[in-house]
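Trainee: Just one file: coords_19.txt, with compact mmCIF, N, CA, C and O atoms.
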```
# COMPACT_ATOMS: atom_id res chain seq x y z
N MET A 19 62.25 4.11 209.98
CA MET A 19 62.49 4.15 208.56
C MET A 19 62.68 2.72 208.03
O MET A 19 63.34 1.92 208.66
N THR A 20 62.10 2.48 206.90
CA THR A 20 62.18 1.14 206.31
C THR A 20 63.19 1.13 205.18
O THR A 20 63.53 2.15 204.59
N TYR A 21 63.66 -0.07 204.87
CA TYR A 21 64.63 -0.26 203.80
C TYR A 21 63.92 -0.78 202.55
O TYR A 21 63.02 -1.60 202.65
N ILE A 22 64.36 -0.32 201.39
CA ILE A 22 63.87 -0.87 200.13
C ILE A 22 64.66 -2.15 199.89
O ILE A 22 65.89 -2.15 199.95
N LYS A 23 63.99 -3.24 199.64
CA LYS A 23 64.65 -4.54 199.55
C LYS A 23 65.33 -4.79 198.21
O LYS A 23 66.36 -5.42 198.15
N SER A 24 64.78 -4.27 197.14
CA SER A 24 65.32 -4.51 195.80
C SER A 24 66.23 -3.36 195.37
O SER A 24 65.85 -2.19 195.47
N TRP A 25 67.42 -3.69 194.87
CA TRP A 25 68.35 -2.66 194.40
C TRP A 25 67.75 -1.89 193.23
O TRP A 25 67.87 -0.66 193.17
N ASP A 26 67.11 -2.59 192.30
CA ASP A 26 66.54 -1.90 191.14
C ASP A 26 65.48 -0.88 191.55
O ASP A 26 65.44 0.23 191.01
N ASP A 27 64.63 -1.25 192.51
CA ASP A 27 63.61 -0.31 192.99
C ASP A 27 64.24 0.89 193.67
O ASP A 27 63.82 2.03 193.47
N PHE A 28 65.28 0.63 194.47
CA PHE A 28 65.97 1.73 195.16
C PHE A 28 66.64 2.66 194.16
O PHE A 28 66.53 3.89 194.26
N GLU A 29 67.31 2.09 193.17
CA GLU A 29 68.02 2.89 192.17
C GLU A 29 67.06 3.80 191.41
O GLU A 29 67.32 4.99 191.25
N LYS A 30 65.94 3.25 190.96
CA LYS A 30 64.96 4.04 190.22
C LYS A 30 64.35 5.14 191.09
O LYS A 30 64.21 6.29 190.65
N ALA A 31 64.00 4.80 192.32
CA ALA A 31 63.38 5.77 193.23
C ALA A 31 64.37 6.88 193.60
O ALA A 31 63.99 8.06 193.65
N ALA A 32 65.63 6.53 193.83
CA ALA A 32 66.63 7.53 194.20
C ALA A 32 66.92 8.47 193.04
O ALA A 32 67.04 9.69 193.23
N GLU A 33 67.01 7.94 191.84
CA GLU A 33 67.26 8.80 190.67
C GLU A 33 66.06 9.72 190.42
O GLU A 33 66.23 10.90 190.13
N LYS A 34 64.86 9.19 190.58
CA LYS A 34 63.66 10.01 190.41
C LYS A 34 63.62 11.12 191.45
O LYS A 34 63.28 12.26 191.14
N LEU A 35 63.96 10.79 192.69
CA LEU A 35 63.99 11.77 193.76
C LEU A 35 65.01 12.87 193.45
O LEU A 35 64.72 14.06 193.61
N TYR A 36 66.18 12.48 192.97
CA TYR A 36 67.21 13.47 192.63
C TYR A 36 66.77 14.36 191.48
O TYR A 36 66.92 15.58 191.53
N LEU A 37 66.23 13.77 190.43
CA LEU A 37 65.83 14.56 189.26
C LEU A 37 64.66 15.50 189.56
O LEU A 37 64.52 16.54 188.92
N ALA A 38 63.84 15.16 190.54
CA ALA A 38 62.71 16.02 190.90
C ALA A 38 63.18 17.33 191.53
O ALA A 38 62.62 18.39 191.25
N ASN A 39 64.20 17.27 192.37
CA ASN A 39 64.70 18.48 193.02
C ASN A 39 66.18 18.30 193.40
O ASN A 39 66.50 18.00 194.54
N PRO A 40 67.09 18.50 192.46
CA PRO A 40 68.50 18.23 192.70
C PRO A 40 69.15 19.08 193.79
O PRO A 40 70.12 18.65 194.40
N MET A 41 68.62 20.25 194.06
CA MET A 41 69.24 21.13 195.06
C MET A 41 68.91 20.73 196.49
O MET A 41 69.58 21.16 197.42
N LYS A 42 67.89 19.92 196.70
CA LYS A 42 67.51 19.53 198.06
C LYS A 42 67.95 18.12 198.45
O LYS A 42 68.01 17.80 199.62
N VAL A 43 68.25 17.30 197.45
CA VAL A 43 68.56 15.89 197.73
C VAL A 43 69.99 15.74 198.23
O VAL A 43 70.91 16.39 197.75
N ARG A 44 70.15 14.90 199.23
CA ARG A 44 71.47 14.54 199.72
C ARG A 44 71.49 13.05 200.00
O ARG A 44 70.45 12.42 200.16
N TYR A 45 72.70 12.48 200.06
CA TYR A 45 72.80 11.06 200.34
C TYR A 45 73.97 10.78 201.26
O TYR A 45 74.92 11.56 201.34
N THR A 46 73.85 9.69 201.97
CA THR A 46 74.94 9.21 202.82
C THR A 46 75.17 7.74 202.51
O THR A 46 74.25 7.02 202.12
N MET A 47 76.40 7.35 202.69
CA MET A 47 76.77 5.95 202.54
C MET A 47 77.57 5.59 203.79
O MET A 47 78.55 6.26 204.12
N LYS A 48 77.13 4.54 204.49
CA LYS A 48 77.76 4.20 205.76
C LYS A 48 77.99 2.70 205.83
O LYS A 48 77.08 1.92 205.52
N TYR A 49 79.18 2.30 206.24
CA TYR A 49 79.48 0.89 206.46
C TYR A 49 79.37 0.61 207.94
O TYR A 49 80.01 1.27 208.76
N ARG A 50 78.52 -0.36 208.29
CA ARG A 50 78.36 -0.75 209.69
C ARG A 50 79.12 -2.05 209.92
O ARG A 50 78.71 -3.12 209.48
N HIS A 51 80.26 -1.92 210.61
CA HIS A 51 81.15 -3.07 210.81
C HIS A 51 80.48 -4.17 211.64
O HIS A 51 80.70 -5.36 211.37
N THR A 52 79.67 -3.80 212.61
CA THR A 52 79.04 -4.82 213.47
C THR A 52 78.12 -5.74 212.68
O THR A 52 78.04 -6.93 212.97
N ASP A 53 77.44 -5.19 211.66
CA ASP A 53 76.55 -6.00 210.81
C ASP A 53 77.26 -6.49 209.56
O ASP A 53 76.76 -7.39 208.89
N GLY A 54 78.35 -5.84 209.20
CA GLY A 54 78.99 -6.12 207.92
C GLY A 54 78.11 -5.65 206.78
O GLY A 54 78.05 -6.27 205.72
N ALA A 55 77.42 -4.53 207.00
CA ALA A 55 76.44 -4.05 206.02
C ALA A 55 76.77 -2.63 205.57
O ALA A 55 77.26 -1.81 206.34
N LEU A 56 76.50 -2.37 204.31
CA LEU A 56 76.61 -1.04 203.73
C LEU A 56 75.21 -0.46 203.62
O LEU A 56 74.31 -1.10 203.07
N VAL A 57 75.02 0.74 204.15
CA VAL A 57 73.71 1.38 204.16
C VAL A 57 73.77 2.66 203.33
O VAL A 57 74.63 3.50 203.55
N LEU A 58 72.86 2.78 202.36
CA LEU A 58 72.73 3.99 201.54
C LEU A 58 71.43 4.68 201.94
O LEU A 58 70.41 4.01 202.12
N LYS A 59 71.48 5.99 202.02
CA LYS A 59 70.29 6.75 202.39
C LYS A 59 70.20 7.99 201.50
O LYS A 59 71.15 8.77 201.42
N PHE A 60 69.08 8.16 200.82
CA PHE A 60 68.78 9.34 200.02
C PHE A 60 67.60 10.04 200.66
O PHE A 60 66.61 9.40 201.02
N THR A 61 67.68 11.36 200.78
CA THR A 61 66.56 12.11 201.36
C THR A 61 66.49 13.51 200.78
O THR A 61 67.50 14.07 200.36
N ASP A 62 65.27 14.04 200.77
CA ASP A 62 65.06 15.45 200.43
C ASP A 62 64.27 16.12 201.55
O ASP A 62 63.62 17.11 201.35
N ASP A 63 64.33 15.57 202.72
CA ASP A 63 63.64 16.01 203.95
C ASP A 63 62.15 15.68 203.95
O ASP A 63 61.52 15.71 204.99
N ALA A 64 61.58 15.35 202.81
CA ALA A 64 60.18 14.93 202.76
C ALA A 64 60.10 13.43 202.54
O ALA A 64 59.26 12.75 203.13
N VAL A 65 60.99 12.90 201.71
CA VAL A 65 61.03 11.48 201.38
C VAL A 65 62.39 10.94 201.78
O VAL A 65 63.42 11.57 201.52
N CYS A 66 62.40 9.77 202.40
CA CYS A 66 63.66 9.15 202.79
C CYS A 66 63.70 7.73 202.21
O CYS A 66 62.80 6.93 202.47
N LEU A 67 64.74 7.44 201.43
CA LEU A 67 64.91 6.12 200.82
C LEU A 67 66.16 5.49 201.42
O LEU A 67 67.21 6.14 201.49
N GLN A 68 66.05 4.22 201.83
CA GLN A 68 67.20 3.52 202.40
C GLN A 68 67.36 2.16 201.75
O GLN A 68 66.37 1.50 201.43
N TYR A 69 68.62 1.75 201.61
CA TYR A 69 68.94 0.43 201.07
C TYR A 69 70.11 -0.12 201.88
O TYR A 69 71.08 0.59 202.15
N LYS A 70 69.99 -1.37 202.27
CA LYS A 70 71.05 -2.02 203.04
C LYS A 70 71.45 -3.30 202.35
O LYS A 70 70.60 -4.07 201.92
N THR A 71 72.77 -3.52 202.24
CA THR A 71 73.25 -4.74 201.62
C THR A 71 74.42 -5.31 202.41
O THR A 71 75.18 -4.56 203.03
N GLU A 72 74.51 -6.60 202.39
CA GLU A 72 75.64 -7.30 203.01
C GLU A 72 76.40 -8.10 201.96
O GLU A 72 77.34 -8.81 202.27
N VAL A 73 76.00 -7.95 200.69
CA VAL A 73 76.56 -8.71 199.58
C VAL A 73 77.62 -7.88 198.87
O VAL A 73 77.37 -6.75 198.45
N GLN A 74 78.80 -8.44 198.72
CA GLN A 74 79.92 -7.72 198.10
C GLN A 74 79.66 -7.39 196.64
O GLN A 74 80.10 -6.36 196.14
N GLN A 75 78.92 -8.24 195.92
CA GLN A 75 78.65 -7.99 194.51
C GLN A 75 77.83 -6.71 194.29
O GLN A 75 77.86 -6.13 193.21
N ASP A 76 77.07 -6.29 195.29
CA ASP A 76 76.27 -5.08 195.16
C ASP A 76 77.14 -3.82 195.09
O ASP A 76 76.67 -2.78 194.65
N LEU A 77 78.39 -3.93 195.51
CA LEU A 77 79.27 -2.76 195.47
C LEU A 77 79.48 -2.25 194.05
O LEU A 77 79.55 -1.04 193.82
N LYS A 78 79.56 -3.15 193.08
CA LYS A 78 79.70 -2.75 191.67
C LYS A 78 78.46 -1.98 191.21
O LYS A 78 78.56 -0.96 190.53
N LYS A 79 77.28 -2.47 191.59
CA LYS A 79 76.04 -1.79 191.22
C LYS A 79 75.98 -0.40 191.85
O LYS A 79 75.59 0.58 191.21
N ILE A 80 76.36 -0.32 193.12
CA ILE A 80 76.35 0.96 193.83
C ILE A 80 77.34 1.92 193.18
O ILE A 80 77.04 3.10 192.98
N ASP A 81 78.52 1.42 192.83
CA ASP A 81 79.53 2.26 192.19
C ASP A 81 79.03 2.80 190.85
O ASP A 81 79.19 3.99 190.55
N ARG A 82 78.40 1.94 190.04
CA ARG A 82 77.85 2.39 188.76
C ARG A 82 76.78 3.45 188.96
O ARG A 82 76.72 4.44 188.24
N PHE A 83 75.92 3.23 189.94
CA PHE A 83 74.84 4.18 190.22
C PHE A 83 75.40 5.53 190.67
O PHE A 83 74.96 6.58 190.21
N MET A 84 76.38 5.50 191.56
CA MET A 84 76.96 6.76 192.07
C MET A 84 77.68 7.51 190.94
O MET A 84 77.63 8.73 190.87
N THR A 85 78.33 6.78 190.04
CA THR A 85 78.98 7.40 188.89
C THR A 85 77.94 8.08 188.01
O THR A 85 78.13 9.22 187.56
N ASN A 86 76.84 7.40 187.76
CA ASN A 86 75.76 7.97 186.96
C ASN A 86 75.18 9.21 187.64
O ASN A 86 74.92 10.23 186.99
N LEU A 87 75.00 9.15 188.94
CA LEU A 87 74.46 10.28 189.69
C LEU A 87 75.42 11.47 189.64
O LEU A 87 74.99 12.62 189.48
N MET A 88 76.71 11.21 189.75
CA MET A 88 77.70 12.29 189.66
C MET A 88 77.68 12.94 188.28
O MET A 88 77.84 14.15 188.16
N ARG A 89 77.45 12.14 187.25
CA ARG A 89 77.32 12.71 185.90
C ARG A 89 76.13 13.66 185.81
O ARG A 89 76.21 14.72 185.19
N HIS A 90 75.03 13.28 186.43
CA HIS A 90 73.86 14.17 186.48
C HIS A 90 74.22 15.47 187.19
O HIS A 90 73.82 16.55 186.78
N MET A 91 74.98 15.36 188.29
CA MET A 91 75.29 16.53 189.10
C MET A 91 76.18 17.53 188.37
O MET A 91 76.05 18.73 188.57
N VAL A 92 77.08 17.04 187.53
CA VAL A 92 78.01 17.95 186.87
C VAL A 92 77.60 18.34 185.46
O VAL A 92 78.25 19.16 184.83
N SER A 93 76.51 17.74 184.97
CA SER A 93 76.08 18.06 183.60
C SER A 93 75.55 19.48 183.52
O SER A 93 75.06 20.04 184.50
N SER A 94 75.63 20.05 182.35
CA SER A 94 75.15 21.42 182.16
C SER A 94 73.66 21.46 181.87
O SER A 94 73.07 22.53 181.84
N ASP A 95 73.03 20.30 181.63
CA ASP A 95 71.59 20.25 181.39
C ASP A 95 70.86 20.36 182.72
O ASP A 95 70.94 19.49 183.55
N LYS A 96 70.14 21.45 182.89
CA LYS A 96 69.43 21.65 184.16
C LYS A 96 67.97 21.82 183.91
O LYS A 96 67.50 22.32 182.99
```
Go through the file and emit its structure as C-alpha cells.
Mentor:
Amino acid sequence: MTYIKSWDDFEKAAEKLYLANPMKVRYTMKYRHTDGALVLKFTDDAVCLQYKTEVQQDLKKIDRFMTNLMRHMVSSDK
C-alpha cells in the first residue's frame, strides 16, 4: 500500500470516498512510536487511502478534518 504525500490530496480523496458510500467506509489512526509518525488509513475494502506524517503542525489539519467528517456522520442529510 502506498501513502498519499499531500495532505490536501488525501483530505479530498478521503472525503470523496466517505460521501460515495458512508456505510462501508472506515478509518484508523495509529501513532508509530518507533518512527514518530502518525498514520491515517481510510478504506471501503475496494479503495485504500493512507497518509503518514511526522510533522506536529499536521495534527491541527487532521483534527479539523476529523471534526468535519464527524459532522457528516451525524448530520440528518443522507
Trainee: Using only C-alpha atoms, which residue out of A:Phe28, A:Tyr36, A:Phe83, A:Tyr49 lies closest to Leu67 in chain A?
Mentor: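 Looking at the shortest contact to Leu67 in chain A, the residue is A:Phe28.
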Trainee: By how many Å are CA of Gly54 in chain A and CA of Val73 in chain A apart?
Mentor: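 Interatomic distance, CA of Gly54 in chain A to CA of Val73 in chain A: 9.1 Å.
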Trainee: What is the atom N of Val65 in chain A-CA of Thr52 in chain A distance in Å, reported with one decimal?
Mentor: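 Distance between the two atoms: 27.9 Å.
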Trainee: Suppose you want the space between CA of Asn39 in chain A and CA of Ala55 in chain A; what is it in Å?
Mentor: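 Taking CA of Asn39 in chain A as the start and CA of Ala55 in chain A as the end point, the length is 28.5 Å.
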Trainee: If we draw a sphere of 7 Å around (70.7, 1.1, 189.1), which residues have at least one atom in it when counting only C-alpha atoms? Please report them as a PyMOL selection string.
Mentor: chain A and resi 25-26+29-30+79+83
Trainee: As a PyMOL selection string, please: the residues near Arg50 in chain A (cut-off 8 Å, all atoms listed in the file, same-chain neighbours under 6 positions excluded).
Mentor: chain A and resi 56-57+71
Trainee: Go through A:Asp81, A:Asp62, A:Glu72, A:Glu33 and flag the residue nearest Tyr45 in chain A, using all atoms listed in the file for the distances.
Mentor: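 Closest to Tyr45 in chain A, using all atoms listed in the file: A:Asp62.
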Trainee: Could you write out, as a PDB file with N, CA, C and O atoms, keeping the file's coordinate frame, all the residues of chain A that DSSP marks as strand (DSSP E)?
Mentor:
```
ATOM      1  N   ARG A  44      70.150  14.900 199.230  1.00  0.00           N
ATOM      2  CA  ARG A  44      71.470  14.540 199.720  1.00  0.00           C
ATOM      3  C   ARG A  44      71.490  13.050 200.000  1.00  0.00           C
ATOM      4  O   ARG A  44      70.450  12.420 200.160  1.00  0.00           O
ATOM      5  N   TYR A  45      72.700  12.480 200.060  1.00  0.00           N
ATOM      6  CA  TYR A  45      72.800  11.060 200.340  1.00  0.00           C
ATOM      7  C   TYR A  45      73.970  10.780 201.260  1.00  0.00           C
ATOM      8  O   TYR A  45      74.920  11.560 201.340  1.00  0.00           O
ATOM      9  N   THR A  46      73.850   9.690 201.970  1.00  0.00           N
ATOM     10  CA  THR A  46      74.940   9.210 202.820  1.00  0.00           C
ATOM     11  C   THR A  46      75.170   7.740 202.510  1.00  0.00           C
ATOM     12  O   THR A  46      74.250   7.020 202.120  1.00  0.00           O
ATOM     13  N   MET A  47      76.400   7.350 202.690  1.00  0.00           N
ATOM     14  CA  MET A  47      76.770   5.950 202.540  1.00  0.00           C
ATOM     15  C   MET A  47      77.570   5.590 203.790  1.00  0.00           C
ATOM     16  O   MET A  47      78.550   6.260 204.120  1.00  0.00           O
ATOM     17  N   LYS A  48      77.130   4.540 204.490  1.00  0.00           N
ATOM     18  CA  LYS A  48      77.760   4.200 205.760  1.00  0.00           C
ATOM     19  C   LYS A  48      77.990   2.700 205.830  1.00  0.00           C
ATOM     20  O   LYS A  48      77.080   1.920 205.520  1.00  0.00           O
ATOM     21  N   TYR A  49      79.180   2.300 206.240  1.00  0.00           N
ATOM     22  CA  TYR A  49      79.480   0.890 206.460  1.00  0.00           C
ATOM     23  C   TYR A  49      79.370   0.610 207.940  1.00  0.00           C
ATOM     24  O   TYR A  49      80.010   1.270 208.760  1.00  0.00           O
ATOM     25  N   ARG A  50      78.520  -0.360 208.290  1.00  0.00           N
ATOM     26  CA  ARG A  50      78.360  -0.750 209.690  1.00  0.00           C
ATOM     27  C   ARG A  50      79.120  -2.050 209.920  1.00  0.00           C
ATOM     28  O   ARG A  50      78.710  -3.120 209.480  1.00  0.00           O
ATOM     29  N   ALA A  55      77.420  -4.530 207.000  1.00  0.00           N
ATOM     30  CA  ALA A  55      76.440  -4.050 206.020  1.00  0.00           C
ATOM     31  C   ALA A  55      76.770  -2.630 205.570  1.00  0.00           C
ATOM     32  O   ALA A  55      77.260  -1.810 206.340  1.00  0.00           O
ATOM     33  N   LEU A  56      76.500  -2.370 204.310  1.00  0.00           N
ATOM     34  CA  LEU A  56      76.610  -1.040 203.730  1.00  0.00           C
ATOM     35  C   LEU A  56      75.210  -0.460 203.620  1.00  0.00           C
ATOM     36  O   LEU A  56      74.310  -1.100 203.070  1.00  0.00           O
ATOM     37  N   VAL A  57      75.020   0.740 204.150  1.00  0.00           N
ATOM     38  CA  VAL A  57      73.710   1.380 204.160  1.00  0.00           C
ATOM     39  C   VAL A  57      73.770   2.660 203.330  1.00  0.00           C
ATOM     40  O   VAL A  57      74.630   3.500 203.550  1.00  0.00           O
ATOM     41  N   LEU A  58      72.860   2.780 202.360  1.00  0.00           N
ATOM     42  CA  LEU A  58      72.730   3.990 201.540  1.00  0.00           C
ATOM     43  C   LEU A  58      71.430   4.680 201.940  1.00  0.00           C
ATOM     44  O   LEU A  58      70.410   4.010 202.120  1.00  0.00           O
ATOM     45  N   LYS A  59      71.480   5.990 202.020  1.00  0.00           N
ATOM     46  CA  LYS A  59      70.290   6.750 202.390  1.00  0.00           C
ATOM     47  C   LYS A  59      70.200   7.990 201.500  1.00  0.00           C
ATOM     48  O   LYS A  59      71.150   8.770 201.420  1.00  0.00           O
ATOM     49  N   PHE A  60      69.080   8.160 200.820  1.00  0.00           N
ATOM     50  CA  PHE A  60      68.780   9.340 200.020  1.00  0.00           C
ATOM     51  C   PHE A  60      67.600  10.040 200.660  1.00  0.00           C
ATOM     52  O   PHE A  60      66.610   9.400 201.020  1.00  0.00           O
ATOM     53  N   THR A  61      67.680  11.360 200.780  1.00  0.00           N
ATOM     54  CA  THR A  61      66.560  12.110 201.360  1.00  0.00           C
ATOM     55  C   THR A  61      66.490  13.510 200.780  1.00  0.00           C
ATOM     56  O   THR A  61      67.500  14.070 200.360  1.00  0.00           O
ATOM     57  N   CYS A  66      62.400   9.770 202.400  1.00  0.00           N
ATOM     58  CA  CYS A  66      63.660   9.150 202.790  1.00  0.00           C
ATOM     59  C   CYS A  66      63.700   7.730 202.210  1.00  0.00           C
ATOM     60  O   CYS A  66      62.800   6.930 202.470  1.00  0.00           O
ATOM     61  N   LEU A  67      64.740   7.440 201.430  1.00  0.00           N
ATOM     62  CA  LEU A  67      64.910   6.120 200.820  1.00  0.00           C
ATOM     63  C   LEU A  67      66.160   5.490 201.420  1.00  0.00           C
ATOM     64  O   LEU A  67      67.210   6.140 201.490  1.00  0.00           O
ATOM     65  N   GLN A  68      66.050   4.220 201.830  1.00  0.00           N
ATOM     66  CA  GLN A  68      67.200   3.520 202.400  1.00  0.00           C
ATOM     67  C   GLN A  68      67.360   2.160 201.750  1.00  0.00           C
ATOM     68  O   GLN A  68      66.370   1.500 201.430  1.00  0.00           O
ATOM     69  N   TYR A  69      68.620   1.750 201.610  1.00  0.00           N
ATOM     70  CA  TYR A  69      68.940   0.430 201.070  1.00  0.00           C
ATOM     71  C   TYR A  69      70.110  -0.120 201.880  1.00  0.00           C
ATOM     72  O   TYR A  69      71.080   0.590 202.150  1.00  0.00           O
ATOM     73  N   LYS A  70      69.990  -1.370 202.270  1.00  0.00           N
ATOM     74  CA  LYS A  70      71.050  -2.020 203.040  1.00  0.00           C
ATOM     75  C   LYS A  70      71.450  -3.300 202.350  1.00  0.00           C
ATOM     76  O   LYS A  70      70.600  -4.070 201.920  1.00  0.00           O
ATOM     77  N   THR A  71      72.770  -3.520 202.240  1.00  0.00           N
ATOM     78  CA  THR A  71      73.250  -4.740 201.620  1.00  0.00           C
ATOM     79  C   THR A  71      74.420  -5.310 202.410  1.00  0.00           C
ATOM     80  O   THR A  71      75.180  -4.560 203.030  1.00  0.00           O
TER      81      THR A  71
END
```
Trainee: Smallest atom-to-atom distance to Leu35 in chain A: which of A:Ser93, A:Phe60, A:Gln75, A:Arg82, using all atoms listed in the file?
Mentor: A:Phe60
Trainee: Among chain A, which residues does DSSP mark as alpha helix (DSSP H) when it is run on the backbone? Keep the chain and numbering as in the structure and answer as a PyMOL selection string.
Mentor: chain A and resi 25-38+76-92
Trainee: As JSON, please: the centre and edge lengths in Å, to one decimal, of an axis-aligned box enclosing every listed atom of range 24-43 of chain A with 5 Å added on each side.
Mentor:
```
{"center_x": 66.8, "center_y": 8.3, "center_z": 194.3, "size_x": 18.3, "size_y": 35.7, "size_z": 20.7}
```
Trainee: What's the 5 Å shell around Ile22 in chain A, counting all atoms listed in the file, without same-chain residues fewer than 6 positions away, as a list of chain:residue names?
Mentor: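 Returned residues: A:Gln68, A:Tyr69, A:Lys70.
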Trainee: With all atoms listed in the file as the atoms that count, which of A:His90, A:Lys78, A:Arg44, A:Lys34 lies nearest to Lys59 in chain A?
Mentor: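 Smallest separation from Lys59 in chain A among the options: A:Arg44.
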